[in-house]
>>> print(open('my_file17.txt').read())   # compact mmCIF, C-alpha atoms
# COMPACT_ATOMS: atom_id res chain seq x y z
CA MET Q 1 22.76 -1.18 -9.69
CA VAL Q 2 23.33 2.36 -10.92
CA GLU Q 3 25.78 4.46 -8.96
CA ALA Q 4 25.28 8.14 -9.53
CA ASP Q 5 25.92 9.67 -6.15
CA GLU Q 6 27.13 12.95 -7.60
CA ASN Q 7 23.71 13.48 -9.15
CA ILE Q 8 21.66 12.92 -6.05
CA GLY Q 9 19.43 15.89 -5.55
CA LEU Q 10 17.64 14.79 -2.42
CA ARG Q 11 18.20 12.16 0.18
CA GLU Q 12 15.82 11.53 3.04
CA MET Q 13 16.16 8.85 5.66
CA PHE Q 14 13.35 7.50 7.82
CA TYR Q 15 13.62 5.30 10.89
CA ILE Q 16 11.29 2.29 11.02
CA GLU Q 17 10.54 0.59 14.32
CA GLY Q 18 10.09 -3.18 14.10
CA GLY Q 19 6.81 -4.49 15.48
CA ASN Q 20 5.15 -1.08 15.51
CA PHE Q 21 2.08 -2.02 13.50
CA ALA Q 22 0.12 1.04 14.61
CA ASN Q 23 2.26 3.24 12.36
CA ALA Q 24 2.74 0.73 9.59
CA GLY Q 25 2.60 2.64 6.33
CA ALA Q 26 3.47 6.04 7.80
CA THR Q 27 6.95 6.11 6.23
CA SER Q 28 5.83 5.24 2.72
CA SER Q 29 2.99 7.72 3.07
CA ARG Q 30 5.63 10.39 3.76
CA VAL Q 31 7.74 9.21 0.82
CA LYS Q 32 4.69 9.57 -1.37
CA LYS Q 33 4.00 13.09 -0.14
CA ILE Q 34 7.61 14.15 -0.87
CA LEU Q 35 7.39 12.78 -4.41
CA LYS Q 36 4.01 14.41 -4.91
CA GLU Q 37 5.29 17.80 -3.76
CA ILE Q 38 8.18 17.60 -6.20
CA GLY Q 39 5.64 16.82 -8.91
CA PHE Q 40 6.71 13.46 -10.33
CA PRO Q 41 4.23 11.71 -12.66
CA GLY Q 42 1.47 9.82 -10.85
CA LYS Q 43 2.57 6.42 -12.13
CA ILE Q 44 6.15 6.90 -10.91
CA ILE Q 45 4.90 8.01 -7.49
CA ARG Q 46 2.51 5.12 -7.27
CA ARG Q 47 5.04 2.43 -8.18
CA THR Q 48 7.64 3.82 -5.78
CA ALA Q 49 5.13 4.24 -2.97
CA ILE Q 50 3.74 0.71 -3.34
CA ALA Q 51 7.23 -0.82 -3.29
CA ALA Q 52 8.20 1.36 -0.32
CA PHE Q 53 5.03 0.30 1.51
CA GLU Q 54 5.82 -3.39 1.05
CA ALA Q 55 9.42 -2.86 2.14
CA GLU Q 56 8.30 -0.92 5.20
CA MET Q 57 5.88 -3.72 6.14
CA ASN Q 58 8.71 -6.25 5.91
CA VAL Q 59 10.81 -4.29 8.39
CA ILE Q 60 7.86 -3.93 10.76
CA CYS Q 61 6.91 -7.61 10.52
CA TYR Q 62 10.35 -9.20 10.65
CA ALA Q 63 12.99 -6.84 12.02
CA ASN Q 64 13.84 -5.11 15.28
CA GLN Q 65 14.50 -1.85 13.51
CA GLY Q 66 15.51 -0.47 10.18
CA ASN Q 67 15.64 2.57 8.02
CA LEU Q 68 14.41 3.59 4.62
CA SER Q 69 16.36 6.07 2.50
CA LEU Q 70 14.97 7.82 -0.51
CA PHE Q 71 17.38 9.09 -3.16
CA ILE Q 72 16.15 11.34 -5.91
CA THR Q 73 18.31 11.81 -9.00
CA PRO Q 74 17.52 13.39 -12.38
CA SER Q 75 17.04 9.98 -14.00
CA PHE Q 76 15.76 7.65 -11.29
CA LEU Q 77 14.39 7.25 -7.79
CA LYS Q 78 16.20 4.85 -5.53
CA VAL Q 79 15.04 3.45 -2.22
CA VAL Q 80 17.35 1.59 0.15
CA VAL Q 81 15.90 -0.28 3.10
CA LYS Q 82 18.26 -1.77 5.67
CA ASP Q 83 17.16 -3.60 8.75
CA GLU Q 84 18.49 -5.41 11.76
CA GLY Q 85 16.43 -8.50 12.16
CA ILE Q 86 16.09 -12.22 11.58
CA GLY Q 87 17.15 -11.94 7.94
CA ILE Q 88 16.13 -14.25 5.10
CA PRO Q 89 17.80 -17.69 4.94
CA ASP Q 90 16.82 -18.34 1.31
CA VAL Q 91 16.29 -15.18 -0.74
CA ASN Q 92 15.14 -17.06 -3.88
CA LEU Q 93 12.48 -18.90 -1.91
CA ALA Q 94 11.33 -15.66 -0.27
CA MET Q 95 10.88 -14.10 -3.71
CA GLN Q 96 8.31 -16.75 -4.69
CA GLU Q 97 4.73 -15.51 -4.63
CA GLY Q 98 2.83 -16.97 -1.73
CA TYR Q 99 5.90 -18.08 0.22
CA SER Q 100 5.71 -16.65 3.71
CA THR Q 101 7.20 -17.24 7.14
CA ALA Q 102 4.67 -14.94 8.82
CA ASP Q 103 3.38 -16.12 12.17
CA GLU Q 104 -0.20 -16.05 13.43
CA ARG Q 105 0.16 -12.57 14.93
CA ILE Q 106 1.30 -11.06 11.63
CA ARG Q 107 -1.46 -12.82 9.70
CA GLU Q 108 -4.12 -11.67 12.13
CA LEU Q 109 -3.14 -8.12 11.25
CA GLY Q 110 -3.74 -8.88 7.62
CA PHE Q 111 -0.15 -9.24 6.50
CA GLY Q 112 1.97 -12.18 5.57
CA ALA Q 113 0.37 -13.43 2.37
CA GLY Q 114 3.83 -13.86 0.85
CA MET Q 115 3.26 -11.33 -1.92
CA GLY Q 116 5.42 -8.48 -0.66
CA LEU Q 117 8.75 -9.07 -2.35
CA SER Q 118 7.20 -10.05 -5.67
CA ASN Q 119 5.02 -6.95 -5.47
CA ILE Q 120 8.18 -4.86 -5.02
CA LYS Q 121 9.76 -6.53 -8.03
CA ARG Q 122 6.64 -5.97 -10.12
CA ASN Q 123 6.53 -2.27 -9.34
CA THR Q 124 10.21 -1.40 -9.79
CA ASP Q 125 12.76 -1.50 -12.61
CA GLU Q 126 15.63 -2.93 -10.61
CA MET Q 127 15.69 -4.71 -7.29
CA ILE Q 128 18.50 -6.16 -5.22
CA LEU Q 129 17.90 -8.15 -2.06
CA THR Q 130 20.64 -9.52 0.14
CA SER Q 131 20.42 -10.91 3.63
CA GLN Q 132 22.54 -12.24 6.45
CA PRO Q 133 20.39 -14.63 8.49
CA GLY Q 134 20.35 -13.52 12.10
CA GLN Q 135 21.69 -10.08 11.26
CA GLY Q 136 19.45 -8.32 8.80
CA THR Q 137 18.34 -7.61 5.29
CA HIS Q 138 19.37 -5.06 2.68
CA LEU Q 139 16.95 -4.17 -0.08
CA GLU Q 140 17.44 -1.64 -2.86
CA PHE Q 141 15.15 -0.76 -5.69
CA ILE Q 142 15.12 1.73 -8.53
CA VAL Q 143 12.30 3.30 -10.50
CA TYR Q 144 13.47 5.07 -13.65
CA LEU Q 145 11.97 8.41 -14.44
CA ASN Q 146 11.83 7.77 -18.17
CA GLU Q 147 11.96 4.75 -20.46
CA GLN Q 148 15.32 5.70 -22.03
CA ALA Q 149 17.02 5.64 -18.65
CA LYS Q 150 16.48 1.88 -18.48
CA GLU Q 151 19.04 1.31 -21.27
CA MET J 1 -21.20 5.64 -9.57
CA THR J 2 -20.91 8.44 -7.06
CA LEU J 3 -19.99 8.07 -3.42
CA ARG J 4 -23.51 9.30 -2.62
CA GLU J 5 -25.03 6.39 -4.57
CA ILE J 6 -22.70 3.95 -2.83
CA ARG J 7 -23.78 5.34 0.53
CA ASP J 8 -27.46 5.01 -0.36
CA ILE J 9 -27.22 1.52 -1.90
CA LEU J 10 -25.50 0.25 1.23
CA ALA J 11 -27.45 2.21 3.86
CA ALA J 12 -24.01 3.39 4.87
CA GLU J 13 -22.83 6.18 7.10
CA VAL J 14 -20.03 8.50 6.01
CA ILE J 15 -17.83 8.84 9.10
CA THR J 16 -15.25 11.31 7.80
CA GLY J 17 -17.28 14.48 8.04
CA ASP J 18 -17.77 16.48 4.87
CA ALA J 19 -16.51 14.04 2.25
CA ASP J 20 -17.11 14.92 -1.39
CA LEU J 21 -20.11 12.71 -2.12
CA GLU J 22 -20.12 13.55 -5.83
CA LYS J 23 -16.78 11.79 -6.25
CA GLU J 24 -17.04 9.27 -9.09
CA ILE J 25 -16.01 5.72 -8.17
CA LYS J 26 -15.52 3.30 -11.03
CA TYR J 27 -14.00 0.13 -9.58
CA GLY J 28 -14.27 -1.90 -6.42
CA PHE J 29 -12.42 -4.68 -4.69
CA ALA J 30 -12.86 -6.52 -1.42
CA ALA J 31 -10.14 -7.87 0.83
CA ASP J 32 -9.52 -8.65 4.48
CA LEU J 33 -5.80 -9.27 4.12
CA LEU J 34 -3.70 -6.17 3.68
CA SER J 35 -1.36 -8.05 1.35
CA ASP J 36 -4.35 -8.75 -0.90
CA VAL J 37 -5.33 -5.09 -0.80
CA LEU J 38 -1.86 -4.24 -2.06
CA ALA J 39 -2.05 -6.84 -4.81
CA LEU J 40 -5.58 -6.01 -5.98
CA ALA J 41 -5.67 -2.23 -5.80
CA ARG J 42 -5.53 -0.67 -9.23
CA GLY J 43 -6.40 2.61 -10.77
CA SER J 44 -4.77 5.93 -11.35
CA SER J 45 -5.48 9.49 -10.50
CA GLY J 46 -8.90 10.23 -11.88
CA VAL J 47 -10.05 6.61 -11.97
CA LEU J 48 -11.01 5.86 -8.42
CA SER J 49 -11.53 2.54 -6.68
CA LEU J 50 -13.47 1.59 -3.59
CA LEU J 51 -11.96 -0.79 -1.04
CA ILE J 52 -14.50 -2.98 0.73
CA THR J 53 -12.98 -4.41 3.89
CA GLY J 54 -13.31 -5.50 7.47
CA ILE J 55 -9.83 -4.25 8.38
CA ILE J 56 -10.10 -1.21 10.61
CA HIS J 57 -6.40 -0.79 11.51
CA PRO J 58 -4.76 2.53 10.60
CA GLN J 59 -2.57 0.67 8.10
CA VAL J 60 -5.56 0.42 5.80
CA ILE J 61 -5.68 4.23 5.65
CA TYR J 62 -1.99 4.42 4.78
CA ALA J 63 -2.58 1.77 2.11
CA GLY J 64 -5.51 3.84 0.85
CA ASP J 65 -3.20 6.84 0.59
CA ILE J 66 -0.49 4.87 -1.22
CA PHE J 67 -3.01 3.58 -3.76
CA ASP J 68 -5.02 6.78 -4.18
CA LEU J 69 -8.20 4.96 -3.23
CA GLY J 70 -11.42 6.84 -3.84
CA ALA J 71 -12.96 5.64 -0.58
CA ILE J 72 -12.94 2.79 1.93
CA ILE J 73 -16.10 1.10 3.19
CA PHE J 74 -16.07 -1.02 6.34
CA VAL J 75 -18.52 -3.92 6.33
CA ARG J 76 -20.73 -5.44 9.04
CA GLY J 77 -20.81 -2.21 11.01
CA LYS J 78 -17.11 -2.24 11.89
CA ARG J 79 -15.91 1.16 12.95
CA PRO J 80 -12.30 2.35 13.28
CA THR J 81 -11.02 4.41 16.19
CA GLU J 82 -11.22 8.21 16.21
CA ALA J 83 -7.46 8.40 15.57
CA THR J 84 -7.87 6.29 12.44
CA ILE J 85 -10.76 8.44 11.25
CA GLU J 86 -8.60 11.55 11.82
CA LEU J 87 -5.82 9.98 9.77
CA ALA J 88 -8.27 9.37 6.92
CA ILE J 89 -9.48 12.97 7.04
CA GLU J 90 -5.85 14.20 6.93
CA ASN J 91 -5.22 12.02 3.89
CA GLN J 92 -8.56 12.99 2.32
CA ILE J 93 -9.85 9.43 2.08
CA PRO J 94 -13.60 9.17 2.73
CA LEU J 95 -14.62 6.35 5.09
CA LEU J 96 -18.03 4.69 5.14
CA VAL J 97 -19.59 2.07 7.39
CA THR J 98 -22.29 -0.32 6.18
CA PRO J 99 -24.28 -2.77 8.28
CA TYR J 100 -24.20 -5.35 5.46
CA ILE J 101 -21.76 -8.25 5.38
CA MET J 102 -19.06 -8.26 2.73
CA PHE J 103 -20.96 -10.60 0.39
CA GLU J 104 -24.06 -8.45 0.28
CA THR J 105 -22.03 -5.25 0.05
CA CYS J 106 -20.22 -6.54 -3.05
CA GLY J 107 -23.41 -7.95 -4.57
CA ARG J 108 -25.33 -4.72 -4.24
CA LEU J 109 -22.54 -2.63 -5.70
CA TYR J 110 -21.99 -5.00 -8.62
CA GLN J 111 -25.72 -5.04 -9.34
CA HIS J 112 -25.65 -1.26 -9.55
CA GLY J 113 -22.75 -1.18 -11.99
CA LEU J 114 -19.55 -1.03 -9.95
CA ARG J 115 -16.92 -3.21 -11.62
CA PRO J 116 -13.91 -5.15 -10.29
CA SER J 117 -10.53 -3.43 -10.07
CA ILE J 118 -8.97 -6.42 -11.80
CA PRO J 119 -10.94 -8.79 -14.10
CA ASN J 120 -9.28 -12.00 -12.93
CA VAL J 121 -6.12 -13.25 -11.29
CA LYS J 122 -4.16 -16.45 -11.83
CA ASN J 123 -2.00 -17.87 -9.07
CA GLY J 124 -2.98 -15.01 -6.81
>>> encode(input="my_file17.txt", output="structure tokens")
Amino acid sequence: MVEADENIGLREMFYIEGGNFANAGATSSRVKKILKEIGFPGKIIRRTAIAAFEAEMNVICYANQGNLSLFITPSFLKVVVKDEGIGIPDVNLAMQEGYSTADERIRELGFGAGMGLSNIKRNTDEMILTSQPGQGTHLEFIVYLNEQAKE
Amino acid sequence: MTLREIRDILAAEVITGDADLEKEIKYGFAADLLSDVLALARGSSGVLSLLITGIIHPQVIYAGDIFDLGAIIFVRGKRPTEATIELAIENQIPLLVTPYIMFETCGRLYQHGLRPSIPNVKNG
């Protein structure tokens, strides 16, 4: 994953409360507004916001608490989501579309179809997911601001 | 088709005050699982989609914001809370309520020319 800390123009961190479904989506909605105010292209905003939304939902569904940090650099947007929660025993399995450990309560709220992580992957240029079962999960993703930056 | 036409075709009520009824909506999709909403929503600024759903939780408004949805219509007369309606107004997402069930809502809109947000999905 790209390290370019010296170029970071903006960093915002948001707290996410696990189990608080009433506000689910509020953080990514704020991320989107920040990106919109800065004036990034619609497609970049959309991809980042969708991935942030899915990541936020994962914290709310499966963790006690977590935070989402948004880093804005001249060449890419990076989002880091860390949580304290049950973690993911098998990351590869969790990445498969349709695989879900969601319980009845989560499904009743309309979540838990097992598409979240693959949706994050689909909408971002780079994604890293690591987890310590019983402790928490660390997710990072990057959306490049232009095609050349991918090289 | 315009939001006004959608309202009339579905005998729907616009519950977010003075929404722009001349807004042009091109695509539609129906889902009752938020994960499916996230997977099916498509479009870009200028090409607006309508979400047809029975989910009335505030999350659906946030999802609507994330995806730049043109409007959300709640089927079978389901009505969100005032707080949820306020949230939609803040985010400038028009909300409608139709008495029809989801099947009839989709059928009527398709018949009048609204098209799916995604043509087909494999392994969805």
>>> atom_distance(input="my_file17.txt", atom1="CA of Gly113 (chain J)", atom2="CA of Val47 (chain J)")
14.9 Å
>>> residues_around(input="my_file17.txt", residues="Gln111 (chain J)", least_positions_apart="3", cutoff="12 Å", atoms="only C-alpha atoms", output="ChimeraX atom specification")
/J:1,6,9-10,104-108,114-116
>>> closest_residue(input="my_file17.txt", among="Q:Ile86, Q:Leu117, Q:Leu77, Q:Ala102", to="Ile142 (chain Q)", atoms="all atoms listed in the file")
Q:Leu77
>>> closest_residue(input="my_file17.txt", among="J:Val121, J:Leu95, J:Leu48, J:Ala41", to="Glu82 (chain J)", atoms="all atoms listed in the file")
J:Leu95
>>> residues_around(input="my_file17.txt", residues="Ile73 (chain J)", least_positions_apart="3", cutoff="8 Å", atoms="only C-alpha atoms", output="ChimeraX atom specification")
/J:50-53,95-98
>>> residues_near_point(input="my_file17.txt", point="(8.2, 8.1, 4.2)", cutoff="10 Å", atoms="all atoms listed in the file", output="MDAnalysis selection string")
chainID Q and resid 12:16 25:35 49 52:53 56 68:70
>>> interface_residues(input="my_file17.txt", of="chain J", to="chain Q", cutoff="8 Å", atoms="only C-alpha atoms", output="PyMOL selection string")
chain J and resi 32-36+38-39+44-45+55+57-59+62-63+65-67+124
>>> closest_residue(input="my_file17.txt", among="Q:Leu129, Q:Val59, Q:Ile38, Q:Val143", to="Ala94 (chain Q)", atoms="all atoms listed in the file")
Q:Leu129
>>> closest_residue(input="my_file17.txt", among="Q:Asn146, Q:Asn123, Q:Gln96, Q:Gln135", to="Ala55 (chain Q)", atoms="all atoms listed in the file")
Q:Asn123
>>> closest_residue(input="my_file17.txt", among="J:Ile118, J:Ala71, J:Gly64, J:Ile89", to="Arg7 (chain J)", atoms="only C-alpha atoms")
J:Ala71
>>> residues_around(input="my_file17.txt", residues="Lys78 (chain Q)", least_positions_apart="2", cutoff="10 Å", atoms="only C-alpha atoms", output="list in words")
Met1, Val2, Ile8, Arg11, Thr48, Ser69, Leu70, Phe71, Ile72, Thr73, Ser75, Phe76, Val80, Thr124, Glu126, Met127, Glu140, Phe141, Ile142, Val143 and Tyr144 of chain Q
>>> atom_distance(input="my_file17.txt", atom1="CA of Lys36 (chain Q)", atom2="CA of Leu3 (chain J)")
24.9 Å
>>> atom_distance(input="my_file17.txt", atom1="CA of Leu21 (chain J)", atom2="CA of Glu5 (chain J)")
8.4 Å
>>> closest_residue(input="my_file17.txt", among="J:Pro99, J:Gln92, J:Asp68, J:Phe74", to="Asp20 (chain J)", atoms="all atoms listed in the file")
J:Gln92
>>> residues_around(input="my_file17.txt", residues="region 82-85 of chain Q", least_positions_apart="3", cutoff="6 Å", atoms="all atoms listed in the file", output="mmCIF file with C-alpha atoms, in the frame of the given file")
data_model
loop_
_atom_site.group_PDB
_atom_site.id
_atom_site.type_symbol
_atom_site.label_atom_id
_atom_site.label_comp_id
_atom_site.auth_asym_id
_atom_site.auth_seq_id
_atom_site.Cartn_x
_atom_site.Cartn_y
_atom_site.Cartn_z
ATOM 1 C CA ALA Q 63 12.990 -6.840 12.020
ATOM 2 C CA ASN Q 64 13.840 -5.110 15.280
ATOM 3 C CA GLN Q 65 14.500 -1.850 13.510
ATOM 4 C CA GLY Q 66 15.510 -0.470 10.180
ATOM 5 C CA ASN Q 67 15.640 2.570 8.020
ATOM 6 C CA GLN Q 135 21.690 -10.080 11.260
ATOM 7 C CA GLY Q 136 19.450 -8.320 8.800
ATOM 8 C CA THR Q 137 18.340 -7.610 5.290
ATOM 9 C CA HIS Q 138 19.370 -5.060 2.680
#
>>> decode(input="my_file17.txt", residues="region 10-124 of chain J", atoms="C-alpha atoms", output="PDB file, in the first residue's frame")
ATOM      1  CA  LEU J  10     -48.466   5.119  -8.696  1.00  0.00           C
ATOM      2  CA  ALA J  11     -51.136   7.253  -7.000  1.00  0.00           C
ATOM      3  CA  ALA J  12     -48.278   8.199  -4.711  1.00  0.00           C
ATOM      4  CA  GLU J  13     -47.858  10.922  -2.157  1.00  0.00           C
ATOM      5  CA  VAL J  14     -44.697  13.017  -2.036  1.00  0.00           C
ATOM      6  CA  ILE J  15     -43.856  13.236   1.667  1.00  0.00           C
ATOM      7  CA  THR J  16     -40.797  15.493   1.510  1.00  0.00           C
ATOM      8  CA  GLY J  17     -42.519  18.804   0.992  1.00  0.00           C
ATOM      9  CA  ASP J  18     -41.590  20.793  -2.088  1.00  0.00           C
ATOM     10  CA  ALA J  19     -39.595  18.229  -4.046  1.00  0.00           C
ATOM     11  CA  ASP J  20     -38.672  19.091  -7.619  1.00  0.00           C
ATOM     12  CA  LEU J  21     -41.302  17.100  -9.497  1.00  0.00           C
ATOM     13  CA  GLU J  22     -39.806  17.887 -12.901  1.00  0.00           C
ATOM     14  CA  LYS J  23     -36.701  15.883 -12.016  1.00  0.00           C
ATOM     15  CA  GLU J  24     -36.020  13.344 -14.773  1.00  0.00           C
ATOM     16  CA  ILE J  25     -35.691   9.743 -13.573  1.00  0.00           C
ATOM     17  CA  LYS J  26     -34.307   7.245 -16.056  1.00  0.00           C
ATOM     18  CA  TYR J  27     -33.705   4.002 -14.172  1.00  0.00           C
ATOM     19  CA  GLY J  28     -35.329   2.043 -11.407  1.00  0.00           C
ATOM     20  CA  PHE J  29     -34.512  -0.847  -9.131  1.00  0.00           C
ATOM     21  CA  ALA J  30     -36.322  -2.592  -6.321  1.00  0.00           C
ATOM     22  CA  ALA J  31     -34.795  -4.113  -3.206  1.00  0.00           C
ATOM     23  CA  ASP J  32     -35.706  -4.876   0.379  1.00  0.00           C
ATOM     24  CA  LEU J  33     -32.194  -5.777   1.487  1.00  0.00           C
ATOM     25  CA  LEU J  34     -29.870  -2.847   1.948  1.00  0.00           C
ATOM     26  CA  SER J  35     -26.954  -4.928   0.683  1.00  0.00           C
ATOM     27  CA  ASP J  36     -28.868  -5.434  -2.557  1.00  0.00           C
ATOM     28  CA  VAL J  37     -29.540  -1.714  -2.798  1.00  0.00           C
ATOM     29  CA  LEU J  38     -25.804  -1.141  -2.597  1.00  0.00           C
ATOM     30  CA  ALA J  39     -25.100  -3.758  -5.237  1.00  0.00           C
ATOM     31  CA  LEU J  40     -27.824  -2.689  -7.682  1.00  0.00           C
ATOM     32  CA  ALA J  41     -27.704   1.088  -7.489  1.00  0.00           C
ATOM     33  CA  ARG J  42     -26.124   2.581 -10.572  1.00  0.00           C
ATOM     34  CA  GLY J  43     -26.081   5.901 -12.280  1.00  0.00           C
ATOM     35  CA  SER J  44     -24.114   9.080 -12.127  1.00  0.00           C
ATOM     36  CA  SER J  45     -24.842  12.690 -11.574  1.00  0.00           C
ATOM     37  CA  GLY J  46     -27.387  13.666 -14.163  1.00  0.00           C
ATOM     38  CA  VAL J  47     -28.673  10.133 -14.742  1.00  0.00           C
ATOM     39  CA  LEU J  48     -30.991   9.512 -11.858  1.00  0.00           C
ATOM     40  CA  SER J  49     -32.387   6.268 -10.505  1.00  0.00           C
ATOM     41  CA  LEU J  50     -35.441   5.503  -8.428  1.00  0.00           C
ATOM     42  CA  LEU J  51     -35.219   3.053  -5.529  1.00  0.00           C
ATOM     43  CA  ILE J  52     -38.407   1.083  -4.925  1.00  0.00           C
ATOM     44  CA  THR J  53     -38.341  -0.403  -1.447  1.00  0.00           C
ATOM     45  CA  GLY J  54     -40.122  -1.421   1.711  1.00  0.00           C
ATOM     46  CA  ILE J  55     -37.184  -0.412   3.917  1.00  0.00           C
ATOM     47  CA  ILE J  56     -38.082   2.673   5.919  1.00  0.00           C
ATOM     48  CA  HIS J  57     -35.000   2.828   8.189  1.00  0.00           C
ATOM     49  CA  PRO J  58     -32.899   6.011   8.043  1.00  0.00           C
ATOM     50  CA  GLN J  59     -30.046   3.958   6.560  1.00  0.00           C
ATOM     51  CA  VAL J  60     -31.919   3.890   3.274  1.00  0.00           C
ATOM     52  CA  ILE J  61     -31.696   7.696   3.150  1.00  0.00           C
ATOM     53  CA  TYR J  62     -27.946   7.606   3.787  1.00  0.00           C
ATOM     54  CA  ALA J  63     -27.651   4.972   1.055  1.00  0.00           C
ATOM     55  CA  GLY J  64     -29.698   7.226  -1.210  1.00  0.00           C
ATOM     56  CA  ASP J  65     -27.258  10.043  -0.508  1.00  0.00           C
ATOM     57  CA  ILE J  66     -24.208   7.862  -1.148  1.00  0.00           C
ATOM     58  CA  PHE J  67     -25.631   6.716  -4.488  1.00  0.00           C
ATOM     59  CA  ASP J  68     -27.071  10.053  -5.609  1.00  0.00           C
ATOM     60  CA  LEU J  69     -30.497   8.482  -6.000  1.00  0.00           C
ATOM     61  CA  GLY J  70     -33.079  10.584  -7.791  1.00  0.00           C
ATOM     62  CA  ALA J  71     -35.851   9.552  -5.398  1.00  0.00           C
ATOM     63  CA  ILE J  72     -37.019   6.742  -3.121  1.00  0.00           C
ATOM     64  CA  ILE J  73     -40.528   5.303  -3.216  1.00  0.00           C
ATOM     65  CA  PHE J  74     -41.884   3.238  -0.339  1.00  0.00           C
ATOM     66  CA  VAL J  75     -44.346   0.522  -1.339  1.00  0.00           C
ATOM     67  CA  ARG J  76     -47.537  -0.792   0.268  1.00  0.00           C
ATOM     68  CA  GLY J  77     -48.142   2.465   2.098  1.00  0.00           C
ATOM     69  CA  LYS J  78     -45.092   2.175   4.352  1.00  0.00           C
ATOM     70  CA  ARG J  79     -44.148   5.496   5.853  1.00  0.00           C
ATOM     71  CA  PRO J  80     -40.878   6.419   7.574  1.00  0.00           C
ATOM     72  CA  THR J  81     -40.680   8.425  10.787  1.00  0.00           C
ATOM     73  CA  GLU J  82     -40.596  12.227  10.785  1.00  0.00           C
ATOM     74  CA  ALA J  83     -36.876  12.138  11.657  1.00  0.00           C
ATOM     75  CA  THR J  84     -36.191  10.015   8.586  1.00  0.00           C
ATOM     76  CA  ILE J  85     -38.231  12.351   6.392  1.00  0.00           C
ATOM     77  CA  GLU J  86     -36.239  15.299   7.804  1.00  0.00           C
ATOM     78  CA  LEU J  87     -33.002  13.509   6.973  1.00  0.00           C
ATOM     79  CA  ALA J  88     -34.191  13.031   3.384  1.00  0.00           C
ATOM     80  CA  ILE J  89     -35.084  16.714   3.087  1.00  0.00           C
ATOM     81  CA  GLU J  90     -31.622  17.669   4.415  1.00  0.00           C
ATOM     82  CA  ASN J  91     -30.013  15.413   1.825  1.00  0.00           C
ATOM     83  CA  GLN J  92     -32.396  16.594  -0.908  1.00  0.00           C
ATOM     84  CA  ILE J  93     -33.755  13.135  -1.685  1.00  0.00           C
ATOM     85  CA  PRO J  94     -37.466  13.163  -2.546  1.00  0.00           C
ATOM     86  CA  LEU J  95     -39.527  10.464  -0.809  1.00  0.00           C
ATOM     87  CA  LEU J  96     -42.804   9.053  -2.115  1.00  0.00           C
ATOM     88  CA  VAL J  97     -45.299   6.588  -0.688  1.00  0.00           C
ATOM     89  CA  THR J  98     -47.482   4.392  -2.895  1.00  0.00           C
ATOM     90  CA  PRO J  99     -50.303   2.126  -1.767  1.00  0.00           C
ATOM     91  CA  TYR J 100     -49.328  -0.496  -4.378  1.00  0.00           C
ATOM     92  CA  ILE J 101     -47.268  -3.572  -3.544  1.00  0.00           C
ATOM     93  CA  MET J 102     -43.760  -3.813  -4.932  1.00  0.00           C
ATOM     94  CA  PHE J 103     -44.768  -6.050  -7.863  1.00  0.00           C
ATOM     95  CA  GLU J 104     -47.410  -3.678  -9.145  1.00  0.00           C
ATOM     96  CA  THR J 105     -45.216  -0.634  -8.512  1.00  0.00           C
ATOM     97  CA  CYS J 106     -42.452  -2.106 -10.681  1.00  0.00           C
ATOM     98  CA  GLY J 107     -44.885  -3.297 -13.343  1.00  0.00           C
ATOM     99  CA  ARG J 108     -46.547   0.073 -13.741  1.00  0.00           C
ATOM    100  CA  LEU J 109     -43.259   1.929 -13.963  1.00  0.00           C
ATOM    101  CA  TYR J 110     -41.796  -0.516 -16.481  1.00  0.00           C
ATOM    102  CA  GLN J 111     -44.935  -0.299 -18.594  1.00  0.00           C
ATOM    103  CA  HIS J 112     -44.517   3.471 -18.701  1.00  0.00           C
ATOM    104  CA  GLY J 113     -40.905   3.295 -19.820  1.00  0.00           C
ATOM    105  CA  LEU J 114     -38.745   3.240 -16.700  1.00  0.00           C
ATOM    106  CA  ARG J 115     -35.835   0.854 -17.242  1.00  0.00           C
ATOM    107  CA  PRO J 116     -33.734  -1.289 -14.879  1.00  0.00           C
ATOM    108  CA  SER J 117     -30.586   0.189 -13.334  1.00  0.00           C
ATOM    109  CA  ILE J 118     -28.699  -2.938 -14.361  1.00  0.00           C
ATOM    110  CA  PRO J 119     -29.789  -5.187 -17.287  1.00  0.00           C
ATOM    111  CA  ASN J 120     -28.959  -8.490 -15.607  1.00  0.00           C
ATOM    112  CA  VAL J 121     -26.788  -9.942 -12.888  1.00  0.00           C
ATOM    113  CA  LYS J 122     -25.011 -13.287 -12.674  1.00  0.00           C
ATOM    114  CA  ASN J 123     -24.198 -14.821  -9.312  1.00  0.00           C
ATOM    115  CA  GLY J 124     -25.775 -11.863  -7.564  1.00  0.00           C
TER     116      GLY J 124
END
